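Source file start.txt; content: compact mmCIF, C-alpha atoms (C1' of nucleotides).
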```txt
# COMPACT_ATOMS: atom_id res chain seq x y z
CA MET P 24 171.34 23.11 116.69
CA SER P 25 168.52 25.51 116.01
CA VAL P 26 168.40 26.60 119.59
CA GLN P 27 172.05 27.51 119.59
CA GLU P 28 171.66 29.37 116.33
CA ARG P 29 168.78 31.38 117.72
CA LYS P 30 170.84 32.27 120.75
CA GLU P 31 173.72 33.40 118.64
CA ARG P 32 171.38 35.51 116.55
CA GLU P 33 169.99 37.13 119.65
CA ARG P 34 173.47 37.72 120.94
CA ALA P 35 174.58 39.32 117.71
CA GLY P 36 171.47 41.47 117.75
CA ARG P 37 172.18 42.65 121.23
CA GLU P 38 175.74 43.45 120.30
CA ARG P 39 174.49 45.63 117.47
CA LEU P 40 172.10 47.26 119.91
CA ILE P 41 174.94 48.05 122.28
CA LEU P 42 177.00 49.62 119.53
CA ALA P 43 174.12 51.59 118.07
CA THR P 44 173.17 52.86 121.51
CA ALA P 45 176.73 53.77 122.41
CA ARG P 46 177.09 55.64 119.16
CA GLU P 47 173.81 57.47 119.58
CA LEU P 48 174.63 58.45 123.12
CA ALA P 49 178.09 59.61 122.10
CA GLU P 50 176.73 61.71 119.27
CA GLN P 51 174.14 63.25 121.54
CA GLN P 52 176.23 64.00 124.60
CA GLY P 53 179.83 63.09 123.83
CA TRP P 54 181.84 60.02 124.73
CA ASP P 55 182.24 61.17 128.33
CA ALA P 56 178.54 60.65 128.78
CA VAL P 57 178.83 57.07 127.57
CA THR P 58 179.26 55.41 130.93
CA THR P 59 178.74 51.72 131.40
CA ARG P 60 175.80 52.41 133.66
CA ARG P 61 174.01 54.74 131.30
CA LEU P 62 174.68 52.46 128.37
CA ALA P 63 173.42 49.45 130.27
CA GLU P 64 170.30 51.30 131.31
CA ARG P 65 169.52 52.33 127.75
CA ILE P 66 169.78 48.82 126.39
CA GLU P 67 167.75 47.63 129.38
CA TYR P 68 170.35 45.21 130.67
CA SER P 69 172.71 45.33 133.59
CA GLN P 70 176.30 46.49 133.23
CA PRO P 71 177.97 43.08 133.37
CA VAL P 72 176.20 42.16 130.14
CA LEU P 73 178.36 44.70 128.37
CA TYR P 74 181.42 42.86 129.55
CA SER P 75 180.20 39.61 128.08
CA HIS P 76 180.35 41.29 124.67
CA PHE P 77 183.33 43.57 125.04
CA ARG P 78 186.34 43.63 127.23
CA GLY P 79 185.50 47.12 128.37
CA LYS P 80 184.64 50.60 127.31
CA ARG P 81 187.73 50.89 125.16
CA GLU P 82 186.68 47.93 123.07
CA ILE P 83 183.23 49.40 122.59
CA ILE P 84 184.82 52.55 121.24
CA GLY P 85 186.96 50.43 118.95
CA ALA P 86 183.94 48.56 117.64
CA VAL P 87 182.10 51.81 116.91
CA ALA P 88 185.22 53.01 115.12
CA LEU P 89 185.18 49.99 112.83
CA VAL P 90 181.55 50.51 111.89
CA GLY P 91 182.33 54.16 111.27
CA ALA P 92 185.32 53.32 109.11
CA ALA P 93 183.17 51.19 106.85
CA GLU P 94 180.65 54.01 106.55
CA MET P 95 183.31 56.56 105.84
CA ALA P 96 184.88 54.40 103.15
CA ALA P 97 181.50 54.07 101.47
CA SER P 98 180.90 57.83 101.66
CA LEU P 99 184.30 58.62 100.22
CA ARG P 100 183.87 56.18 97.34
CA ALA P 101 180.40 57.48 96.58
CA ALA P 102 181.68 61.05 96.45
CA ALA P 103 184.59 60.10 94.24
CA ARG P 104 182.38 58.12 91.89
CA ALA P 105 180.05 61.07 91.39
CA ALA P 106 182.85 63.39 90.26
CA ASP P 107 184.38 63.71 86.80
CA GLY P 108 188.13 63.81 86.41
CA PRO P 109 190.98 63.42 88.91
CA ARG P 110 190.91 66.97 90.17
CA ALA P 111 187.17 67.05 90.76
CA ARG P 112 187.43 63.69 92.47
CA VAL P 113 189.95 65.02 94.95
CA THR P 114 187.82 68.05 95.71
CA ALA P 115 184.80 65.86 96.25
CA LEU P 116 186.85 63.54 98.40
CA ALA P 117 188.07 66.30 100.66
CA ARG P 118 184.58 67.69 101.05
CA ALA P 119 183.17 64.26 101.82
CA TYR P 120 185.85 63.62 104.42
CA LEU P 121 185.30 66.88 106.26
CA ASP P 122 181.58 66.42 105.95
CA PHE P 123 181.73 63.00 107.53
CA ALA P 124 183.81 64.31 110.40
CA GLU P 125 181.41 67.16 110.99
CA ARG P 126 178.29 65.07 110.80
CA ASN P 127 179.57 62.17 112.89
CA PRO P 128 181.87 63.78 115.42
CA ALA P 129 181.63 60.97 117.97
CA VAL P 130 182.33 58.29 115.41
CA TYR P 131 185.19 60.32 114.06
CA ASP P 132 186.61 60.65 117.54
CA ALA P 133 186.32 56.93 118.06
CA MET P 134 188.23 56.36 114.84
CA PHE P 135 191.05 58.82 115.18
CA ARG P 136 191.13 60.65 118.45
CA LEU P 137 190.27 58.17 121.16
CA ASP P 138 191.99 55.00 122.14
CA GLY P 139 189.87 52.15 120.91
CA GLY P 140 192.63 49.63 121.37
CA LEU P 141 192.97 49.16 117.62
CA ALA P 142 196.16 48.45 115.76
CA PHE P 143 197.25 50.96 113.15
CA ALA P 144 199.87 51.27 110.50
CA ASN P 145 200.81 47.61 110.57
CA GLU P 146 199.56 44.27 109.28
CA ASP P 147 197.26 43.83 112.28
CA THR P 148 195.22 46.85 111.32
CA PRO P 149 191.55 45.80 111.06
CA GLU P 150 190.23 45.52 107.55
CA PRO P 151 187.69 48.40 107.68
CA LEU P 152 190.44 50.84 108.62
CA GLN P 153 192.72 49.63 105.88
CA ASP P 154 189.83 49.92 103.48
CA ALA P 155 189.05 53.50 104.49
CA PHE P 156 192.65 54.40 103.77
CA ALA P 157 192.39 52.54 100.48
CA ALA P 158 189.36 54.62 99.56
CA LEU P 159 191.48 57.73 99.98
CA LEU P 160 194.36 56.21 98.08
CA GLU P 161 192.22 55.33 95.08
CA SER P 162 191.43 58.94 94.29
CA LEU P 163 194.58 60.55 95.63
CA GLY P 164 197.10 58.27 94.01
CA GLU P 165 196.41 59.70 90.59
CA VAL P 166 197.25 63.26 91.64
CA ALA P 167 200.34 62.51 93.70
CA GLY P 168 202.69 63.61 90.94
CA ASP P 169 205.63 61.84 89.38
CA GLY P 170 208.19 60.37 91.69
CA VAL P 171 205.98 60.77 94.73
CA HIS P 172 204.94 57.59 96.43
CA PRO P 173 201.10 57.46 96.32
CA ALA P 174 200.82 56.08 99.83
CA LEU P 175 203.05 58.78 101.26
CA PHE P 176 201.09 61.44 99.42
CA THR P 177 197.85 59.99 100.72
CA GLU P 178 199.19 60.06 104.26
CA VAL P 179 200.05 63.73 103.97
CA PHE P 180 196.74 64.63 102.42
CA TRP P 181 194.91 62.63 105.03
CA ALA P 182 196.85 64.26 107.84
CA ALA P 183 195.95 67.68 106.49
CA LEU P 184 192.26 66.81 106.35
CA HIS P 185 192.46 65.32 109.80
CA GLY P 186 194.07 68.47 111.14
CA LEU P 187 191.40 70.66 109.60
CA ALA P 188 188.64 68.44 110.94
CA THR P 189 189.90 68.22 114.50
CA LEU P 190 191.06 71.80 114.90
CA THR P 191 187.79 73.09 113.54
CA ARG P 192 185.69 70.93 115.78
CA ALA P 193 187.78 71.79 118.82
CA GLY P 194 187.09 75.46 118.19
CA ARG P 195 190.68 76.13 117.20
CA LEU P 196 189.70 77.23 113.71
CA PRO P 197 186.66 79.34 112.84
CA PRO P 198 184.22 77.11 111.01
CA GLU P 199 183.03 79.69 108.50
CA GLU P 200 186.04 79.31 106.24
CA THR P 201 186.28 75.55 106.21
CA GLU P 202 185.35 75.48 102.55
CA ARG P 203 188.04 77.97 101.56
CA ARG P 204 190.67 76.09 103.53
CA ALA P 205 189.72 72.85 101.81
CA GLU P 206 189.95 74.55 98.42
CA LEU P 207 193.38 75.91 99.19
CA LEU P 208 194.55 72.53 100.34
CA VAL P 209 193.40 70.78 97.18
CA ASP P 210 194.79 73.57 95.01
CA ARG P 211 198.26 73.15 96.41
CA LEU P 212 198.52 69.47 97.13
CA ALA P 213 196.87 67.94 94.08
CA LEU P 214 198.98 68.15 90.94
CA VAL P 215 196.48 68.97 88.18
CA MET J 15 203.07 95.18 153.23
CA SER J 16 206.20 93.11 153.04
CA VAL J 17 204.50 90.18 154.69
CA GLN J 18 201.81 90.15 152.10
CA GLU J 19 204.39 90.35 149.35
CA ARG J 20 206.26 87.39 150.70
CA LYS J 21 203.06 85.37 150.84
CA GLU J 22 202.25 86.20 147.30
CA ARG J 23 205.72 85.20 146.24
CA GLU J 24 205.38 81.89 148.01
CA ARG J 25 201.99 81.38 146.49
CA ALA J 26 203.28 82.07 143.00
CA GLY J 27 206.16 79.71 143.61
CA ARG J 28 203.83 76.95 144.65
CA GLU J 29 201.71 77.54 141.60
CA ARG J 30 204.75 77.10 139.40
CA LEU J 31 205.58 73.96 141.32
CA ILE J 32 202.12 72.58 140.68
CA LEU J 33 202.39 73.26 136.98
CA ALA J 34 205.89 71.90 136.65
CA THR J 35 204.91 68.77 138.55
CA ALA J 36 201.75 68.26 136.53
CA ARG J 37 203.72 68.64 133.34
CA GLU J 38 206.44 66.27 134.45
CA LEU J 39 203.94 63.66 135.54
CA ALA J 40 202.02 64.00 132.30
CA GLU J 41 205.14 63.61 130.21
CA GLN J 42 206.19 60.57 132.19
CA GLN J 43 202.91 58.68 132.39
CA GLY J 44 200.33 60.58 130.38
CA TRP J 45 197.60 62.97 131.47
CA ASP J 46 195.42 60.13 132.73
CA ALA J 47 197.99 59.55 135.43
CA VAL J 48 197.76 63.16 136.55
CA THR J 49 195.14 62.72 139.23
CA THR J 50 194.54 65.31 141.87
CA ARG J 51 195.71 62.88 144.53
CA ARG J 52 198.96 61.96 142.85
CA LEU J 53 199.65 65.55 141.99
CA ALA J 54 198.97 66.67 145.54
CA GLU J 55 201.21 63.96 146.92
CA ARG J 56 204.09 64.97 144.67
CA ILE J 57 203.96 68.60 145.66
CA GLU J 58 203.61 67.47 149.27
CA TYR J 59 200.35 69.23 149.92
CA SER J 60 196.80 67.96 150.22
CA GLN J 61 194.42 67.97 147.31
CA PRO J 62 192.31 70.97 148.34
CA VAL J 63 195.39 73.15 147.94
CA LEU J 64 195.21 72.55 144.21
CA TYR J 65 191.74 74.01 144.20
CA SER J 66 192.91 77.19 145.84
CA HIS J 67 195.10 77.78 142.79
CA PHE J 68 192.99 76.34 140.01
CA ARG J 69 189.31 75.69 139.54
CA GLY J 70 190.03 72.08 138.75
CA LYS J 71 192.02 69.70 136.67
CA ARG J 72 190.86 71.30 133.44
CA GLU J 73 192.31 74.62 134.46
CA ILE J 74 195.62 73.00 135.33
CA ILE J 75 195.76 71.54 131.85
CA GLY J 76 194.97 74.96 130.43
CA ALA J 77 197.74 76.58 132.44
CA VAL J 78 200.27 74.00 131.25
CA ALA J 79 199.07 74.67 127.72
CA LEU J 80 199.81 78.37 128.06
CA VAL J 81 203.34 77.74 129.31
CA GLY J 82 203.80 75.32 126.44
CA ALA J 83 202.52 77.80 123.90
CA ALA J 84 205.10 80.34 124.97
CA GLU J 85 207.83 77.74 124.68
CA MET J 86 206.65 76.62 121.30
CA ALA J 87 206.52 80.18 119.99
CA ALA J 88 210.10 80.67 121.12
CA SER J 89 211.23 77.43 119.49
CA LEU J 90 209.53 78.29 116.22
CA ARG J 91 211.04 81.76 116.11
CA ALA J 92 214.49 80.44 116.93
CA ALA J 93 214.27 77.90 114.14
CA ALA J 94 213.05 80.49 111.67
CA ARG J 95 215.75 82.94 112.63
CA ALA J 96 218.46 80.37 112.03
CA ALA J 97 217.38 79.72 108.45
CA ASP J 98 218.24 81.72 105.34
CA GLY J 99 215.53 82.62 102.88
CA PRO J 100 211.76 82.10 102.93
CA ARG J 101 211.79 78.52 101.76
CA ALA J 102 214.42 77.36 104.22
CA ARG J 103 212.56 79.17 106.96
CA VAL J 104 209.38 77.24 106.25
CA THR J 105 211.25 73.94 106.23
CA ALA J 106 212.89 74.77 109.52
CA LEU J 107 209.55 75.88 110.93
CA ALA J 108 207.84 72.63 110.01
CA ARG J 109 210.65 70.59 111.49
CA ALA J 110 210.63 72.63 114.68
CA TYR J 111 206.88 72.24 115.03
CA LEU J 112 206.90 68.47 114.62
CA ASP J 113 209.92 68.26 116.83
CA PHE J 114 208.22 70.16 119.61
CA ALA J 115 205.16 67.93 119.40
CA GLU J 116 207.30 64.82 119.54
CA ARG J 117 209.47 65.99 122.39
CA ASN J 118 206.66 67.40 124.53
CA PRO J 119 203.70 65.17 123.81
CA ALA J 120 201.87 65.93 127.02
CA VAL J 121 202.24 69.67 126.60
CA TYR J 122 201.16 69.38 122.99
CA ASP J 123 198.09 67.46 124.09
CA ALA J 124 197.29 70.10 126.64
CA MET J 125 197.50 72.76 123.95
CA PHE J 126 195.57 71.15 121.14
CA ARG J 127 193.99 67.86 122.03
CA LEU J 128 192.62 68.18 125.51
CA ASP J 129 190.05 70.54 126.88
CA GLY J 130 191.87 73.12 128.95
CA GLY J 131 188.91 75.43 129.04
CA LEU J 132 190.71 77.96 126.87
CA ALA J 133 189.12 80.23 124.33
CA PHE J 134 190.27 79.88 120.76
CA ALA J 135 189.80 81.63 117.48
CA ASN J 136 188.29 84.73 119.01
CA GLU J 137 189.33 87.85 120.84
CA ASP J 138 189.33 86.09 124.20
CA THR J 139 192.13 83.79 123.12
CA PRO J 140 194.96 84.02 125.66
CA GLU J 141 197.98 85.93 124.50
CA PRO J 142 200.49 83.04 124.42
CA LEU J 143 198.27 81.10 122.04
CA GLN J 144 197.80 84.06 119.76
CA ASP J 145 201.53 84.58 119.84
CA ALA J 146 202.28 80.99 118.87
CA PHE J 147 200.03 81.41 115.88
CA ALA J 148 201.76 84.69 115.11
CA ALA J 149 205.10 82.91 115.15
CA LEU J 150 203.81 80.60 112.43
CA LEU J 151 202.32 83.47 110.49
CA GLU J 152 205.57 85.41 110.44
CA SER J 153 207.37 82.78 108.40
CA LEU J 154 204.44 81.38 106.48
CA GLY J 155 202.93 84.65 105.34
CA GLU J 156 205.74 85.26 102.90
CA VAL J 157 205.18 81.98 101.06
CA ALA J 158 201.39 82.06 100.91
CA GLY J 159 201.35 83.19 97.31
CA ASP J 160 199.55 86.07 95.66
CA GLY J 161 195.90 86.48 96.36
CA VAL J 162 195.97 84.03 99.23
CA HIS J 163 195.17 85.43 102.62
CA PRO J 164 198.25 84.83 104.84
CA ALA J 165 196.16 83.91 107.88
CA LEU J 166 194.14 81.38 105.92
CA PHE J 167 197.28 79.87 104.49
CA THR J 168 198.79 79.65 107.93
CA GLU J 169 195.71 77.89 109.24
CA VAL J 170 195.93 75.28 106.51
CA PHE J 171 199.62 74.74 107.01
CA TRP J 172 199.17 74.53 110.74
CA ALA J 173 196.33 72.04 110.37
CA ALA J 174 198.51 69.85 108.17
CA LEU J 175 201.32 69.89 110.70
CA HIS J 176 198.88 69.20 113.48
CA GLY J 177 197.47 66.25 111.59
CA LEU J 178 200.91 64.82 111.00
CA ALA J 179 201.87 65.29 114.62
CA THR J 180 198.76 63.74 116.13
CA LEU J 181 198.35 60.86 113.71
CA THR J 182 201.98 59.93 114.06
CA ARG J 183 201.90 59.99 117.80
CA ALA J 184 198.66 58.02 117.96
CA GLY J 185 200.31 55.28 115.94
CA ARG J 186 198.19 56.02 112.89
CA LEU J 187 201.20 56.89 110.75
CA PRO J 188 204.53 55.06 110.82
CA PRO J 189 207.08 57.38 112.40
CA GLU J 190 209.99 56.46 110.15
CA GLU J 191 208.85 58.63 107.27
CA THR J 192 207.91 61.73 109.20
CA GLU J 193 210.73 63.63 107.60
CA ARG J 194 209.69 62.73 104.07
CA ARG J 195 206.10 63.67 104.78
CA ALA J 196 207.18 67.04 106.11
CA GLU J 197 209.30 67.63 103.01
CA LEU J 198 206.43 66.78 100.72
CA LEU J 199 204.15 69.10 102.63
CA VAL J 200 206.53 72.04 102.38
CA ASP J 201 207.25 71.28 98.72
CA ARG J 202 203.64 71.55 97.78
CA LEU J 203 202.24 74.17 100.13
CA ALA J 204 205.00 76.76 100.11
CA LEU J 205 205.19 78.79 96.93
CA VAL J 206 208.96 79.17 96.36
C1' DC Q 4 202.87 89.81 175.47
C1' DT Q 5 198.19 88.32 174.79
C1' DC Q 6 194.09 87.62 172.54
C1' DG Q 7 190.73 87.49 168.76
C1' DA Q 8 190.18 87.06 163.97
C1' DT Q 9 191.63 85.83 159.62
C1' DT Q 10 194.01 83.11 156.67
C1' DG Q 11 195.55 78.83 155.31
C1' DT Q 12 195.62 73.74 155.37
C1' DC Q 13 194.10 69.14 156.23
C1' DT Q 14 190.95 65.18 157.24
C1' DA Q 15 187.01 63.08 155.80
C1' DG Q 16 183.57 62.38 152.72
C1' DC Q 17 180.38 62.60 148.42
C1' DA Q 18 178.83 61.03 143.97
C1' DA Q 19 180.30 59.02 139.75
C1' DT Q 20 183.33 55.99 137.14
C1' DG Q 21 185.13 51.28 135.14
C1' DC Q 22 185.07 46.81 136.28
C1' DT Q 23 184.20 42.11 138.81
C1' DA Q 24 182.78 38.39 142.11
C1' DG Q 25 179.20 35.50 143.48
C1' DG Q 26 174.71 34.09 143.78
C1' DA Q 27 169.97 33.66 141.65
C1' DT Q 28 167.24 32.23 137.69
C1' DC Q 29 165.95 30.31 133.63
C1' DG Q 30 165.73 26.87 130.13
C1' DA Q 31 167.55 22.86 127.36
C1' DG Q 32 168.12 18.05 127.19
C1' DT Q 33 167.53 13.57 129.33
C1' DA V 25 160.11 16.08 136.13
C1' DC V 26 164.74 16.97 137.15
C1' DT V 27 169.43 18.20 136.67
C1' DC V 28 172.88 21.03 135.29
C1' DG V 29 174.92 24.58 132.68
C1' DA V 30 174.43 29.00 130.60
C1' DT V 31 172.80 33.66 131.48
C1' DC V 32 171.93 37.55 134.00
C1' DC V 33 171.65 40.60 138.05
C1' DT V 34 172.68 42.47 142.69
C1' DA V 35 176.16 44.18 145.26
C1' DG V 36 180.51 45.75 145.82
C1' DC V 37 185.56 47.35 145.02
C1' DA V 38 188.99 50.85 144.03
C1' DT V 39 189.69 55.11 141.81
C1' DT V 40 188.32 59.53 140.05
C1' DG V 41 187.26 64.88 140.59
C1' DC V 42 185.72 67.82 143.86
C1' DT V 43 183.98 69.95 148.49
C1' DA V 44 182.49 70.80 153.39
C1' DG V 45 183.86 71.61 157.78
C1' DA V 46 187.14 71.18 161.43
C1' DC V 47 191.60 72.56 162.88
C1' DA V 48 195.93 75.22 163.25
C1' DA V 49 199.07 78.81 162.29
C1' DT V 50 199.79 83.58 161.76
C1' DC V 51 198.94 88.44 161.97
C1' DG V 52 197.46 92.93 163.93
C1' DA V 53 195.55 95.52 167.90
C1' DG V 54 195.55 96.57 172.67
```

Would you mind giving the structure from this file in structure tokens?
Amino acid sequence: MSVQERKERERAGRERLILATARELAEQQGWDAVTTRRLAERIEYSQPVLYSHFRGKREIIGAVALVGAAEMAASLRAAARAADGPRARVTALARAYLDFAERNPAVYDAMFRLDGGLAFANEDTPEPLQDAFAALLESLGEVAGDGVHPALFTEVFWAALHGLATLTRAGRLPPEETERRAELLVDRLALV
Amino acid sequence: MSVQERKERERAGRERLILATARELAEQQGWDAVTTRRLAERIEYSQPVLYSHFRGKREIIGAVALVGAAEMAASLRAAARAADGPRARVTALARAYLDFAERNPAVYDAMFRLDGGLAFANEDTPEPLQDAFAALLESLGEVAGDGVHPALFTEVFWAALHGLATLTRAGRLPPEETERRAELLVDRLALV
DNA sequence: CTCGATTGTCTAGCAATGCTAGGATCGAGT
DNA sequence: ACTCGATCCTAGCATTGCTAGACAATCGAG
């Protein structure tokens, strides 16, 4: 059995290598530059190897998205934990979210802009994505206000952050005032 | 000179045909299905003809985006005009925006999600895009609140709407509660 | 009316893309 | 040492955006 175990270990290692390489390449040159050929060349295997791990490029994007979701959830929780009081937590949360999107644009795209073949908004949604939403909910639920469903409030807040992140990165909004926009958003949306 | 004029008229007509066809195809099957070959076939010309009107696919997307922006601006203004009072205007505006995005997903993508090679957030921004933003500003400026820059407020509001529109359409948010989310957004962001 | 030139259009082709079939190679277990 | 299955690669397909160069239609001058 040891032989089989070793093989599985090697396989898992190579899968991590593929994902790390895809992510790195995407961050460096954008997802368009992540072609199966280039990716295969960088991991020093031929293209068909990729297809023994993933169904195709879409699934690779999806896998990177899941890794990113876990990271984002951790970042959000860390930021919330470091802040005192509900209001400060929300501010920190918003900053952390926008910061993550700015620092990991390719991963963010994989999560929310590209089609990674992932299920959303239903029971089939992969755990890391549900957990990232939960991380938002934990801090936002307490400032939703009476009579407002926490999940609905979180969705709206999230959508606003998502809009700011994507429009800014696409050059639709001047980046200089990101901070002021985030402040305004928190000021209005968070009740005390 | 009349000959030349006729040719220019025909040329302009064909350009409109290209754009209308591209838009129709994109709305029916998505922008991925808008290939130069398919597009050329539908307009009953060969592919190179497309390149005598536009630099490439990107520029076609950009041109569709401009047409869409003009339409959206008109829709937003019509909705605002039909409402009484600042608060009702904002509600109507939000509804009209989300409605436009839902009814013209391909055009919306061309405007805000895809790369149409257009300039944004600077003085080179094409007029229709500036005007669409102006249409938002007209109704939103009056509910920004004291001491809040109207343009900044509009950007935040717009980003929130954009987030709702894109996340909903990408299946990230369940569509049933769109209306409630929009209400919550207006409730919180618009000051009276 | 004819002819040359210009304008316009098409056929054919390039390189790059995602993906796959089929054969070669390597190694585990007898 | 040998067999057989798993593993990997070479080669290739269809499709994409885009372009070069040949061909045809049309216009203006004589």

Note to self: What does the structure give for the distance between atom CA of P:Asp154 and atom CA of P:Gly53, in Å to one decimal?
What the structure shows: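 It comes out at 26.2 Å.
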
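For the atom pair formed by atom CA of J:Pro164 and atom CA of J:Ala110, the distance is 20.0 Å, given to one decimal.
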
Next item on the list: Can you check which residues of chain J have any atom within 10 Å of chain P? Use all atoms listed in the file and format it as a ChimeraX atom specification.
Entry: /J:126-129,132-136,139,162,166-182,184-189,191-192,194-196,198-205

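Interatomic distance, atom CA of P:Ala63 against atom CA of P:Ile41: 8.3 Å.
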
What are the nearest atom pairs, with distances in Å to one decimal, for all residues of chain V that come at most 10 Å from stretch 29-32 of chain Q, using all atoms listed in the file, set out by chain and rising residue number as CSV?
```
residue,atom,partner,partner_atom,distance
V:DT27,C1',Q:DG32,C1',9.6
V:DC28,C1',Q:DA31,C1',9.7
V:DG29,C1',Q:DA31,C1',9.3
V:DA30,C1',Q:DG30,C1',9.0
V:DT31,C1',Q:DC29,C1',7.9
V:DC32,C1',Q:DC29,C1',9.4
```

Next item on the list: Enumerate as a ChimeraX atom specification the residues belonging to chain Q that approach chain J to within 10 Å, with all atoms listed in the file taken into account.
Entry: /Q:11-14

Output C-alpha atoms (C1' of nucleotides) for every residue in that selection, as a PDB file, keeping the file's coordinate frame.
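Written file, result_37.pdb:
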```pdb
ATOM      1  C1'  DG Q  11     195.550  78.830 155.310  1.00  0.00           C
ATOM      2  C1'  DT Q  12     195.620  73.740 155.370  1.00  0.00           C
ATOM      3  C1'  DC Q  13     194.100  69.140 156.230  1.00  0.00           C
ATOM      4  C1'  DT Q  14     190.950  65.180 157.240  1.00  0.00           C
TER       5       DT Q  14
END
```

Next item on the list: Within 12 Å of V:DA35, counting all atoms listed in the file, which residues show up once you throw out same-chain ones fewer than 5 positions away? Write them as a PyMOL selection string, please.
Entry: chain Q and resi 23-26

Could you please give me, as a JSON list (two decimals) with C-alpha atoms, in the coordinates of the input, the residues of protein, DNA or RNA lying at most 9 Å from (201.7, 70.5, 136.7) in the coordinate frame of the file, considering all atoms listed in the file?
```json
[["chain", "number", "residue", "atom", "x", "y", "z"],
["J", 29, "GLU", "CA", 201.71, 77.54, 141.60],
["J", 30, "ARG", "CA", 204.75, 77.10, 139.40],
["J", 31, "LEU", "CA", 205.58, 73.96, 141.32],
["J", 32, "ILE", "CA", 202.12, 72.58, 140.68],
["J", 33, "LEU", "CA", 202.39, 73.26, 136.98],
["J", 34, "ALA", "CA", 205.89, 71.90, 136.65],
["J", 35, "THR", "CA", 204.91, 68.77, 138.55],
["J", 36, "ALA", "CA", 201.75, 68.26, 136.53],
["J", 37, "ARG", "CA", 203.72, 68.64, 133.34],
["J", 38, "GLU", "CA", 206.44, 66.27, 134.45],
["J", 39, "LEU", "CA", 203.94, 63.66, 135.54],
["J", 40, "ALA", "CA", 202.02, 64.00, 132.30],
["J", 48, "VAL", "CA", 197.76, 63.16, 136.55],
["J", 53, "LEU", "CA", 199.65, 65.55, 141.99],
["J", 74, "ILE", "CA", 195.62, 73.00, 135.33],
["J", 75, "ILE", "CA", 195.76, 71.54, 131.85],
["J", 77, "ALA", "CA", 197.74, 76.58, 132.44],
["J", 78, "VAL", "CA", 200.27, 74.00, 131.25]]
```

Per residue of chain V within 9 Å of chain J, record the nearest atom pair and its distance in Å to one decimal, counting all atoms listed in the file, with rows in chain order and ascending residue number, as a tab-separated table.
```
residue	atom	partner	partner_atom	distance
V:DT40	C1'	J:Thr49	CA	7.6
V:DG41	C1'	J:Thr50	CA	7.4
V:DC42	C1'	J:Gly70	CA	7.9
V:DT43	C1'	J:Pro62	CA	8.4
```
